Amino acid sequence: MDSLISMYNALTPEMKFYWIIAIATSLIFIIQTLLTFIGIDHTDVDFQFTGDVEASAGHTLDTGGPMQLFTIRNIINFLLGLGWGGICWSSMVEDKVILTILAIATGIAFVAIFLFILKGLMGLESNGAYKIDDCVGSVCDVYLRIPAARSGAGKVQVSINGSIHELAAITDGDLLPSGAKVKIESLIDKHTVLVTKA
């Protein structure tokens, strides 16, 4: 442990920065990956502003869908590339400005690779025989709580033709908590369904 501390203390300020970024984002990336594999790939935080600030289970911080550029996941990917890029390029490049440019370029490349892979996976998913109409009448689970009386949208996970799909959902009734069983009554649009308690 003492040898690691002495090695860290011997680093230049720039290299300390790259190592801190690389190690911190690597840990976050590993946690994100593990959560994705076990099916928890959202940060379920719903900030409700009603005079007081309340936090409760509800909406993901990565708003706008998986292909949006500015998401928490993409920021982590960028910082991961920046940190490790700075470390790797430092052995070949002595100029600090060029090293910074190469580290930033590596971060951007990490984001581009992630989006490319994600686009390919989404393409595979969309090639399945999936029609949202097929889910009407299905009983499914609430993934993100559904506010009462159409005051907001939650999410449900429904099996359609053997594959699991996540759809936005609203209800005319009372609030439906995460994990509740609901029945899909009708379609609101091609991404949103109307549900009732099953």
# chains A, B, ... in the order shown; residues from 1 in each chain; ligands from 1
call {"tool": "select_by_dssp", "arguments": {"residues": "region 109-191 of chain A", "states": "alpha helix (DSSP H)", "output": "PyMOL selection string"}}
result
chain A and resi 109-126
call {"tool": "write_last_selection", "arguments": {"atoms": "C-alpha atoms", "output": "compact mmCIF listing (two decimals), in the first residue's frame"}}
result
# COMPACT_ATOMS: atom_id res chain seq x y z
CA ALA A 109 -14.18 7.63 -29.51
CA PHE A 110 -15.45 5.67 -26.48
CA VAL A 111 -18.84 7.42 -26.74
CA ALA A 112 -18.99 6.84 -30.52
CA ILE A 113 -18.18 3.13 -30.11
CA PHE A 114 -20.83 2.76 -27.39
CA LEU A 115 -23.49 4.47 -29.55
CA PHE A 116 -22.51 2.34 -32.56
CA ILE A 117 -22.87 -0.87 -30.53
CA LEU A 118 -26.14 0.36 -29.01
CA LYS A 119 -27.54 1.23 -32.44
CA GLY A 120 -26.70 -2.27 -33.66
CA LEU A 121 -28.41 -3.86 -30.66
CA MET A 122 -31.50 -1.68 -31.14
CA GLY A 123 -31.56 -2.71 -34.80
CA LEU A 124 -31.55 -6.37 -33.80
CA GLU A 125 -34.40 -5.71 -31.37
CA SER A 126 -36.47 -3.83 -33.94
call {"tool": "residues_around", "arguments": {"residues": "Lys183 (chain A)", "least_positions_apart": "4", "cutoff": "7 Å", "atoms": "only C-alpha atoms", "output": "list in words"}}
result
Gly137, Ser138, Val139, Cys140, Val195, Thr196, Lys197 and Ala198 of chain A
call {"tool": "atom_distance", "arguments": {"atom1": "CA of Ile21 (chain A)", "atom2": "CA of Gly107 (chain A)"}}
result
11.5 Å
call {"tool": "atom_distance", "arguments": {"atom1": "CA of Ala149 (chain A)", "atom2": "CA of Lys181 (chain A)"}}
result
17.3 Å
call {"tool": "closest_residue", "arguments": {"among": "A:Ser151, A:Val142, A:His165, A:Ile132", "to": "Asp189 (chain A)", "atoms": "only C-alpha atoms"}}
result
A:Ile132
call {"tool": "residues_around", "arguments": {"residues": "region 101-106 of chain A", "least_positions_apart": "4", "cutoff": "8 Å", "atoms": "only C-alpha atoms", "output": "list of chain:residue names"}}
result
A:Phe78, A:Gly81, A:Leu82, A:Gly83, A:Trp84, A:Gly85, A:Gly86, A:Trp89, A:Val97, A:Phe110
call {"tool": "atom_distance", "arguments": {"atom1": "CA of Val156 (chain A)", "atom2": "CA of Leu175 (chain A)"}}
result
13.4 Å
call {"tool": "closest_residue", "arguments": {"among": "A:Trp19, A:Glu94, A:Arg73, A:Val136", "to": "Ile31 (chain A)", "atoms": "only C-alpha atoms"}}
result
A:Arg73
call {"tool": "closest_residue", "arguments": {"among": "A:Ala153, A:Met92, A:Leu167, A:Ile87", "to": "Thr12 (chain A)", "atoms": "only C-alpha atoms"}}
result
A:Ile87
call {"tool": "closest_residue", "arguments": {"among": "A:Asn77, A:Lys96, A:Leu194, A:Pro13", "to": "Gln32 (chain A)", "atoms": "only C-alpha atoms"}}
result
A:Asn77
call {"tool": "closest_residue", "arguments": {"among": "A:Thr192, A:Cys135, A:Ala148, A:Tyr8", "to": "Ser163 (chain A)", "atoms": "only C-alpha atoms"}}
result
A:Cys135
call {"tool": "closest_residue", "arguments": {"among": "A:Asp133, A:Asp141, A:Asp172, A:Glu14", "to": "Asp95 (chain A)", "atoms": "only C-alpha atoms"}}
result
A:Glu14
call {"tool": "select_by_dssp", "arguments": {"residues": "region 94-143 of chain A", "states": "strand (DSSP E)", "output": "PyMOL selection string"}}
result
chain A and resi 139-143
call {"tool": "write_last_selection", "arguments": {"atoms": "N, CA and C atoms", "output": "short mmCIF file (atom, residue, chain, number, x, y, z; two decimals), in the first residue's frame"}}
result
data_model
loop_
_atom_site.label_atom_id
_atom_site.label_comp_id
_atom_site.auth_asym_id
_atom_site.auth_seq_id
_atom_site.Cartn_x
_atom_site.Cartn_y
_atom_site.Cartn_z
N VAL A 139 -51.33 -9.01 -19.31
CA VAL A 139 -51.05 -8.66 -17.92
C VAL A 139 -49.53 -8.55 -17.79
N CYS A 140 -49.07 -7.46 -17.19
CA CYS A 140 -47.63 -7.22 -17.11
C CYS A 140 -47.28 -6.55 -15.78
N ASP A 141 -46.00 -6.27 -15.59
CA ASP A 141 -45.50 -5.68 -14.34
C ASP A 141 -45.17 -4.20 -14.54
N VAL A 142 -45.46 -3.42 -13.52
CA VAL A 142 -45.07 -2.01 -13.52
C VAL A 142 -43.58 -1.94 -13.22
N TYR A 143 -42.82 -1.26 -14.09
CA TYR A 143 -41.38 -1.13 -13.91
C TYR A 143 -41.06 0.17 -13.17
#
